[in-house]
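model.txt, holding compact mmCIF, C-alpha atoms:
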```txt
# COMPACT_ATOMS: atom_id res chain seq x y z
CA MET O 21 0.00 0.00 0.00
CA PRO O 22 1.22 3.57 -0.59
CA VAL O 23 2.02 5.98 2.20
CA LEU O 24 1.06 9.65 2.08
CA ILE O 25 3.89 11.94 3.17
CA VAL O 26 3.39 15.67 3.76
CA GLY O 27 6.16 18.04 4.84
CA SER O 28 8.83 20.46 3.78
CA ILE O 29 10.94 20.25 0.63
CA ALA O 30 14.09 22.36 0.74
CA LEU O 31 17.47 23.14 -0.74
CA ASP O 32 20.06 22.83 2.03
CA THR O 33 23.58 24.10 2.52
CA VAL O 34 25.44 22.05 5.12
CA LYS O 35 28.91 22.60 6.54
CA THR O 36 30.89 20.21 8.71
CA PRO O 37 34.44 20.63 10.03
CA VAL O 38 35.62 18.64 7.00
CA GLU O 39 33.56 19.84 4.02
CA GLU O 40 30.63 21.94 2.82
CA HIS O 41 27.91 21.25 0.26
CA ALA O 42 25.45 23.82 -1.07
CA ASP O 43 21.95 23.74 -2.58
CA GLN O 44 21.32 20.04 -2.03
CA LEU O 45 17.98 18.31 -1.74
CA GLY O 46 16.63 18.57 1.81
CA GLY O 47 13.47 19.03 3.84
CA SER O 48 11.58 16.61 6.08
CA ALA O 49 9.33 15.28 3.31
CA SER O 50 12.23 14.66 0.93
CA TYR O 51 14.15 12.49 3.39
CA ALA O 52 11.03 10.71 4.61
CA ALA O 53 9.74 9.98 1.11
CA VAL O 54 12.98 8.42 -0.07
CA GLY O 55 13.24 6.38 3.13
CA ALA O 56 9.68 5.09 2.78
CA SER O 57 10.10 4.30 -0.92
CA PHE O 58 12.30 1.28 -0.19
CA PHE O 59 9.21 -0.49 1.17
CA ALA O 60 6.14 1.13 -0.39
CA PRO O 61 5.02 3.61 -3.05
CA VAL O 62 4.81 7.19 -1.80
CA ASN O 63 2.26 9.94 -2.40
CA LEU O 64 4.24 13.13 -1.78
CA VAL O 65 2.73 16.51 -0.91
CA GLY O 66 4.79 19.69 -0.61
CA VAL O 67 5.74 22.93 -2.33
CA VAL O 68 8.83 24.05 -4.24
CA GLY O 69 9.84 27.22 -6.03
CA GLU O 70 10.79 28.02 -9.59
CA ASP O 71 14.45 27.37 -8.77
CA PHE O 72 13.90 23.75 -7.73
CA PRO O 73 15.80 21.35 -10.04
CA GLU O 74 13.66 19.29 -12.40
CA SER O 75 16.21 16.51 -11.99
CA GLU O 76 14.91 15.87 -8.47
CA PHE O 77 11.43 15.18 -9.84
CA GLU O 78 13.01 12.66 -12.19
CA PHE O 79 14.83 11.07 -9.25
CA TRP O 80 11.58 10.81 -7.27
CA LYS O 81 9.92 9.01 -10.19
CA THR O 82 12.61 6.32 -10.09
CA ARG O 83 11.75 5.75 -6.41
CA ARG O 84 7.98 5.16 -6.95
CA ILE O 85 7.21 8.60 -5.52
CA ASP O 86 4.08 10.22 -6.96
CA THR O 87 4.75 13.97 -7.08
CA SER O 88 1.36 15.09 -8.36
CA GLY O 89 0.81 16.62 -4.91
CA VAL O 90 3.98 18.74 -5.11
CA GLU O 91 3.15 22.31 -6.09
CA ARG O 92 5.66 24.43 -7.99
CA ALA O 93 4.91 27.99 -6.86
CA LYS O 94 6.22 31.34 -8.00
CA GLY O 95 9.26 32.33 -5.98
CA LYS O 96 12.19 30.51 -4.43
CA THR O 97 12.30 27.14 -2.70
CA PHE O 98 12.60 26.93 1.09
CA ARG O 99 16.31 27.15 1.95
CA TRP O 100 18.16 26.17 5.10
CA SER O 101 21.83 26.43 6.02
CA GLY O 102 23.50 24.81 9.02
CA GLU O 103 26.93 24.07 10.42
CA TYR O 104 27.97 21.09 12.57
CA ALA O 105 30.62 21.00 15.28
CA TRP O 106 33.33 18.34 15.42
CA ASP O 107 31.16 15.84 17.29
CA LEU O 108 28.44 16.14 14.59
CA ASN O 109 25.85 16.25 17.36
CA THR O 110 25.88 20.01 17.88
CA ARG O 111 24.39 22.02 15.03
CA GLU O 112 23.98 25.75 14.48
CA THR O 113 21.47 27.11 12.01
CA ARG O 114 23.20 29.77 9.91
CA SER O 115 20.20 30.92 7.89
CA VAL O 116 16.57 30.09 7.11
CA ALA O 117 14.56 31.43 4.17
CA LEU O 118 11.04 29.99 4.11
CA ASN O 119 10.24 31.50 0.69
CA VAL O 120 7.30 29.63 -0.93
CA PHE O 121 7.02 27.34 2.11
CA GLU O 122 5.92 30.30 4.27
CA ASN O 123 2.38 30.17 2.87
CA PHE O 124 2.22 26.41 2.39
CA LYS O 125 -1.19 24.94 3.18
CA PRO O 126 -1.35 21.38 1.87
CA ASN O 127 -4.27 20.65 -0.43
CA LEU O 128 -4.39 16.92 -1.11
CA PRO O 129 -5.17 15.65 -4.61
CA GLU O 130 -8.42 13.71 -4.57
CA LYS O 131 -6.66 10.42 -5.30
CA PHE O 132 -4.41 10.89 -2.25
CA ARG O 133 -7.30 11.23 0.22
CA GLU O 134 -7.98 7.50 0.31
CA THR O 135 -4.39 6.64 1.33
CA GLU O 136 -4.51 4.38 4.39
CA PHE O 137 -1.04 5.07 5.78
CA VAL O 138 -0.04 8.65 6.55
CA LEU O 139 3.22 10.26 7.67
CA LEU O 140 2.86 13.86 8.80
CA ALA O 141 6.47 14.97 8.55
CA ASN O 142 7.86 17.85 10.54
CA ILE O 143 5.50 20.76 9.87
CA ALA O 144 3.27 22.84 12.15
CA PRO O 145 0.63 20.82 14.06
CA GLU O 146 -2.10 23.01 12.56
CA LEU O 147 -1.03 21.90 9.08
CA GLN O 148 -0.79 18.29 10.20
CA SER O 149 -4.39 18.45 11.44
CA HIS O 150 -5.42 20.16 8.19
CA VAL O 151 -4.08 17.15 6.28
CA LEU O 152 -6.02 14.69 8.43
CA ASP O 153 -9.19 16.73 7.95
CA GLN O 154 -8.92 15.97 4.22
CA MET O 155 -8.40 12.22 4.63
CA ARG O 156 -11.22 9.69 4.27
CA ARG O 157 -10.38 6.94 6.76
CA PRO O 158 -6.64 6.70 7.41
CA ARG O 159 -5.68 3.34 8.85
CA PHE O 160 -2.42 4.31 10.55
CA VAL O 161 -1.17 7.87 11.15
CA VAL O 162 2.42 8.68 12.05
CA ALA O 163 3.52 12.21 12.95
CA ASP O 164 6.87 13.82 13.67
CA THR O 165 7.31 17.00 15.69
CA MET O 166 10.04 19.26 17.06
CA ASP O 167 10.94 21.65 19.87
CA LEU O 168 9.65 24.72 17.99
CA TRP O 169 6.08 23.35 17.83
CA ILE O 170 6.20 22.17 21.46
CA GLU O 171 7.21 25.67 22.55
CA THR O 172 5.07 27.85 20.28
CA THR O 173 2.00 25.79 19.26
CA ARG O 174 1.41 23.49 22.20
CA ASP O 175 -2.40 23.76 22.12
CA GLU O 176 -2.49 22.72 18.46
CA LEU O 177 -0.07 19.87 19.14
CA ASP O 178 -2.14 18.63 22.09
CA ALA O 179 -5.26 18.64 19.90
CA LEU O 180 -3.46 16.56 17.28
CA LEU O 181 -2.15 13.85 19.61
CA PRO O 182 -5.38 11.81 20.03
CA ARG O 183 -5.58 11.48 16.24
CA LEU O 184 -2.20 9.73 16.01
CA ASP O 185 -1.30 6.07 16.00
CA LEU O 186 2.41 6.87 16.42
CA LEU O 187 4.15 10.07 17.51
CA ILE O 188 7.87 10.38 16.81
CA LEU O 189 10.11 12.87 18.62
CA ASN O 190 13.66 12.99 19.96
CA ASP O 191 14.84 12.65 23.55
CA SER O 192 15.23 16.36 24.31
CA GLU O 193 11.78 17.07 22.85
CA ALA O 194 10.23 14.31 24.97
CA ARG O 195 11.74 15.87 28.08
CA GLN O 196 10.65 19.34 26.97
CA MET O 197 7.10 18.14 26.35
CA THR O 198 6.69 16.45 29.74
CA GLY O 199 9.16 18.06 32.12
CA GLU O 200 10.43 14.57 32.96
CA THR O 201 14.15 13.79 33.07
CA SER O 202 13.55 10.05 32.65
CA LEU O 203 12.81 9.07 29.06
CA ILE O 204 10.80 6.08 30.28
CA LYS O 205 8.51 8.36 32.28
CA ALA O 206 8.41 10.88 29.44
CA GLY O 207 7.41 8.29 26.83
CA ARG O 208 4.67 6.85 29.02
CA THR O 209 3.38 10.33 29.89
CA ILE O 210 3.18 11.37 26.23
CA ARG O 211 1.31 8.20 25.32
CA LYS O 212 -1.32 9.08 27.93
CA MET O 213 -1.77 12.42 26.13
CA GLY O 214 -3.42 10.66 23.19
CA PRO O 215 -1.22 8.81 20.69
CA GLN O 216 -1.51 5.02 20.64
CA HIS O 217 2.26 4.65 20.44
CA VAL O 218 5.28 6.89 21.02
CA ALA O 219 8.78 6.53 19.56
CA VAL O 220 11.58 8.50 21.23
CA LYS O 221 14.71 8.89 19.10
CA LYS O 222 18.06 8.93 20.89
CA GLY O 223 20.36 9.60 17.95
CA GLU O 224 23.42 7.35 17.97
CA HIS O 225 21.94 5.52 20.97
CA GLY O 226 18.88 4.15 19.17
CA ALA O 227 15.20 4.62 19.99
CA LEU O 228 12.50 3.68 22.50
CA LEU O 229 9.00 2.53 21.61
CA PHE O 230 6.02 2.78 23.96
CA GLY O 231 2.61 1.14 23.64
CA GLU O 232 -0.11 0.23 26.08
CA ASP O 233 1.72 -1.94 28.63
CA GLU O 234 4.37 -2.62 25.95
CA PHE O 235 7.93 -1.35 25.60
CA PHE O 236 10.82 -1.87 23.18
CA SER O 237 14.38 -0.52 23.13
CA CYS O 238 16.11 -0.43 19.75
CA GLY O 239 19.83 0.18 19.42
CA ALA O 240 21.52 2.14 16.64
CA TYR O 241 23.69 0.58 13.96
CA PRO O 242 27.34 1.35 14.82
CA LEU O 243 29.14 3.45 12.20
CA GLU O 244 32.79 4.37 11.81
CA ASP O 245 32.19 7.31 9.46
CA ILE O 246 29.40 9.86 9.69
CA HIS O 247 29.45 12.62 7.10
CA ASP O 248 26.13 14.46 7.49
CA PRO O 249 23.47 13.81 10.18
CA THR O 250 20.95 16.10 8.46
CA GLY O 251 17.67 14.32 7.78
CA ALA O 252 18.48 11.20 9.79
CA GLY O 253 15.35 11.56 11.93
CA ASP O 254 13.15 12.18 8.89
CA THR O 255 14.63 9.16 7.11
CA PHE O 256 13.94 7.12 10.25
CA ALA O 257 10.29 8.24 10.26
CA GLY O 258 9.94 7.51 6.56
CA GLY O 259 11.42 4.06 6.99
CA VAL O 260 9.02 3.28 9.82
CA ALA O 261 5.92 4.46 7.93
CA GLY O 262 7.01 2.87 4.66
CA TYR O 263 7.72 -0.48 6.26
CA LEU O 264 4.29 -0.56 7.91
CA ALA O 265 2.55 0.34 4.63
CA GLY O 266 4.54 -2.16 2.61
CA LYS O 267 4.52 -5.13 4.97
CA SER O 268 1.25 -5.05 6.88
CA ASP O 269 -1.81 -6.94 5.62
CA GLY O 270 -3.95 -6.62 8.73
CA GLU O 271 -3.92 -4.92 12.09
CA ILE O 272 -0.63 -3.25 13.03
CA THR O 273 0.85 -5.25 15.90
CA PHE O 274 3.47 -4.12 18.38
CA GLN O 275 5.79 -6.75 16.89
CA GLU O 276 5.48 -5.09 13.48
CA LEU O 277 6.16 -1.71 15.04
CA ARG O 278 9.32 -3.10 16.64
CA ARG O 279 10.55 -4.35 13.28
CA ALA O 280 9.61 -1.05 11.61
CA LEU O 281 11.72 0.83 14.16
CA ILE O 282 14.73 -1.32 13.33
CA TYR O 283 14.34 -0.74 9.59
CA GLY O 284 13.94 2.98 10.23
CA SER O 285 17.17 2.97 12.23
CA ILE O 286 18.98 1.06 9.47
CA LEU O 287 17.87 3.53 6.80
CA ALA O 288 18.98 6.44 8.98
CA SER O 289 22.39 4.79 9.36
CA PHE O 290 22.81 4.73 5.59
CA ASN O 291 21.59 8.31 5.22
CA VAL O 292 24.33 9.80 7.44
CA GLU O 293 27.10 8.16 5.40
CA ALA O 294 26.98 10.98 2.82
CA PHE O 295 25.69 14.52 2.42
CA SER O 296 22.03 15.15 1.64
CA LEU O 297 20.41 12.07 0.05
CA GLU O 298 23.45 11.02 -1.95
CA ARG O 299 23.91 7.71 -0.14
CA MET O 300 20.23 6.89 -0.53
CA ARG O 301 20.24 7.43 -4.30
CA GLY O 302 22.34 4.32 -4.92
CA LEU O 303 21.21 2.28 -1.92
CA THR O 304 19.82 -1.19 -2.70
CA ASN O 305 17.37 -3.41 -0.85
CA ASP O 306 20.06 -6.07 -0.63
CA GLU O 307 22.26 -3.65 1.33
CA ILE O 308 19.37 -2.88 3.66
CA GLU O 309 18.68 -6.58 4.29
CA ASP O 310 22.39 -7.30 4.85
CA ARG O 311 22.54 -4.58 7.48
CA TYR O 312 19.28 -5.85 9.03
CA ARG O 313 20.79 -9.32 9.41
CA MET O 314 23.93 -7.85 10.95
CA PHE O 315 21.79 -5.74 13.29
CA LYS O 316 19.93 -8.86 14.37
CA LEU O 317 23.16 -10.77 15.03
CA MET O 318 24.50 -7.90 17.15
CA SER O 319 21.29 -7.83 19.22
CA GLU O 320 20.79 -11.55 19.84
CA PHE O 321 21.52 -13.09 23.21
CA GLU O 322 20.50 -16.10 25.26
CA VAL O 323 18.79 -15.93 28.60
CA LEU O 324 20.85 -17.75 31.22
CA PRO O 325 19.04 -20.55 33.07
```

Once more with this new file: its structure as C-alpha cells, please.
Amino acid sequence: MPVLIVGSIALDTVKTPVEEHADQLGGSASYAAVGASFFAPVNLVGVVGEDFPESEFEFWKTRRIDTSGVERAKGKTFRWSGEYAWDLNTRETRSVALNVFENFKPNLPEKFRETEFVLLANIAPELQSHVLDQMRRPRFVVADTMDLWIETTRDELDALLPRLDLLILNDSEARQMTGETSLIKAGRTIRKMGPQHVAVKKGEHGALLFGEDEFFSCGAYPLEDIHDPTGAGDTFAGGVAGYLAGKSDGEITFQELRRALIYGSILASFNVEAFSLERMRGLTNDEIEDRYRMFKLMSEFEVLP
C-alpha cells in the first residue's frame, strides 16, 4: 500500500568541520519519502519554487514517488543552512529562508485522500491536522514534531495527539514536552496524552517505543564514518511508515512496530554516510537486508538458566 507523506521540501547548505555542500535536496518530506520508498510507493505533498531542479522530480519518479501533490509555486524554494561542530551532534542554524514554504497549506489531490497510511512529517501541528481533515479513513497515522512546535504551538499539538497512532520525537523534545528527566517516564506520559504509540529517538543511541503496557528498546547501527546527520530523523520516520505500509496486511501489531523501528534505524544509518540524500540514491534493498541481518546478530543473546 502507498504511504502519504506531507512536509517540507528544501534546498540545504550544510557545513561540517571537513567539508561543505550547497543547494542540495533537503526538507523533512524529501528524506522521509525516499526512506519510505524502499518499502512502499509514496504519495508526496509539498511545495517548491521556480528554482527547484527538475532533476529531483526525475529522481523521485525512479523511487515510486508520486509527485502530483507537489506544487511548484512562483518564488524561491525553502532554503536552510547549518553548520555542525566536530562531534556532529551540535548544530547551528546559519540561515533560514522559508520562501514559498511560508504560505504552504497542503491541499491533497483527490486520489491521495484515500491513502490508508499517513506520515505527517515535521510541519506545524495546525497543518498536520489540516491534512487529516482531508483524509477519508486513514488506517495508521504517524507524525513527527520538534521543539519549535512544542514551545510555540502546544495547544495545536495537544489537539493533534489523540488522532495519532504513532508520535515520533527525539529525547530532548520528549523531556521538553513532559518536564520529565527520565525518558521512560516521558514516553509513558506522552502516550497518555493521546497517541496510541510513542517513539523516542536517541540519535546514535537508538530509539524507544512505547505502547499500552508494551515497551521496546532499539539500538543504533554502529558506524565508523558519519558525514552528514541532516535528515536522519526524517529518514527514520519515513522508513518506519514505509515499512508498515509495505509489509502489513492486517492490524498493526506491536511486533510489526518493533521491526519497523529497526528498519527505520537502518535507513537512517545509511543516510548519514553521505551529504544530503546522496547515499540513498544508490542504496539497494540487498544492502538494507544485509545490514538488518547484521543488526539482528548484534542484538541476539540467550537468557541464562

Pick from O:Leu108, O:Val138, O:Val65, O:Met155: nearest to Val90 (chain O), with all atoms listed in the file counted?
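Distance minimum relative to Val90 (chain O) lands on O:Val65.
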
Given only C-alpha atoms as the basis, pick out the residue of O:Ala252, O:Ile272, O:Leu45, O:Ala206 nearest to Leu31 (chain O).
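That would be O:Leu45, the residue with the smallest distance to Leu31 (chain O).
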
What does the structure give for the distance between CA of Leu180 (chain O) and CA of Asp254 (chain O), in Å to one decimal?
19.1 Å

Which distance in Å separates CA of Ile246 (chain O) and CA of His41 (chain O), to one decimal?
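Computing the Euclidean distance for CA of Ile246 (chain O) and CA of His41 (chain O) yields 14.9 Å.
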
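With distances taken over all atoms listed in the file, O:Pro215 is the one residue among O:Val68, O:Asp43, O:Pro215, O:Ser115 lying closest to Val161 (chain O).
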
Distance of CA of Glu76 (chain O) from CA of Asp310 (chain O), expressed in Å to one decimal place:
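The value is 27.8 Å.
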
Which residues are near region 147-153 of chain O? Cut-off 7 Å, only C-alpha atoms, ignore same chain within fewer than 3 positions. Put them as a tab-separated table (two decimals) with C-alpha atoms, in the coordinates of the input.
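Saved to part.tsv:
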```tsv
chain	number	residue	atom	x	y	z
O	125	LYS	CA	-1.19	24.94	3.18
O	126	PRO	CA	-1.35	21.38	1.87
O	140	LEU	CA	2.86	13.86	8.80
O	143	ILE	CA	5.50	20.76	9.87
O	144	ALA	CA	3.27	22.84	12.15
O	180	LEU	CA	-3.46	16.56	17.28
```

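Across O:Leu184, O:Ala280, O:Leu229, O:Ala52, the tightest approach to Gln216 (chain O) is made by O:Leu184 when counting only C-alpha atoms.
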
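Using all atoms listed in the file for every distance, the candidate list O:Asn190, O:Gln196, O:Ser75, O:Thr113 yields O:Asn190 as the residue closest to Leu228 (chain O).
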
Could you name the residues that touch region 295-308 of chain O at 10 Å or less, counting all atoms listed in the file, but leaving out those on the same chain fewer than 6 positions away, as an MDAnalysis selection string?
chainID O and resid 31:36 39:47 50:51 54:55 58:59 79:80 82:83 246:252 255 283 286:288 314

Report as a ChimeraX atom specification all protein, DNA and RNA residues lying within 9 Å of Gly266 (chain O), evaluated on all atoms listed in the file, omitting residues in the same chain fewer than 3 positions from it.
/O:21-23,56,58-61,261-263,269

Draw an axis-aligned box over all listed atoms of region 209-214 of chain O, pad each side with 4 Å, and write its centre and edge lengths in Å, one decimal, as lines of an AutoDock Vina configuration file.
```
center_x = 0.0
center_y = 10.3
center_z = 26.5
size_x = 14.8
size_y = 12.2
size_z = 14.7
```

10 Å contact set for Ala105 (chain O), all atoms listed in the file, chain neighbours under 2 positions out, as a ChimeraX atom specification
/O:35-38,103,107-112

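With all atoms listed in the file as the atoms that count, the residue of O:Gly66, O:Gly253, O:Gly207, O:Gly95 with the shortest distance to Phe235 (chain O) is O:Gly207.
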
Can you pull out the residues contacting Met318 (chain O)? Cut-off 10 Å, using all atoms listed in the file, and skip same-chain residues under 4 positions away; I want them as a ChimeraX atom specification.
/O:239,241-242,312-314
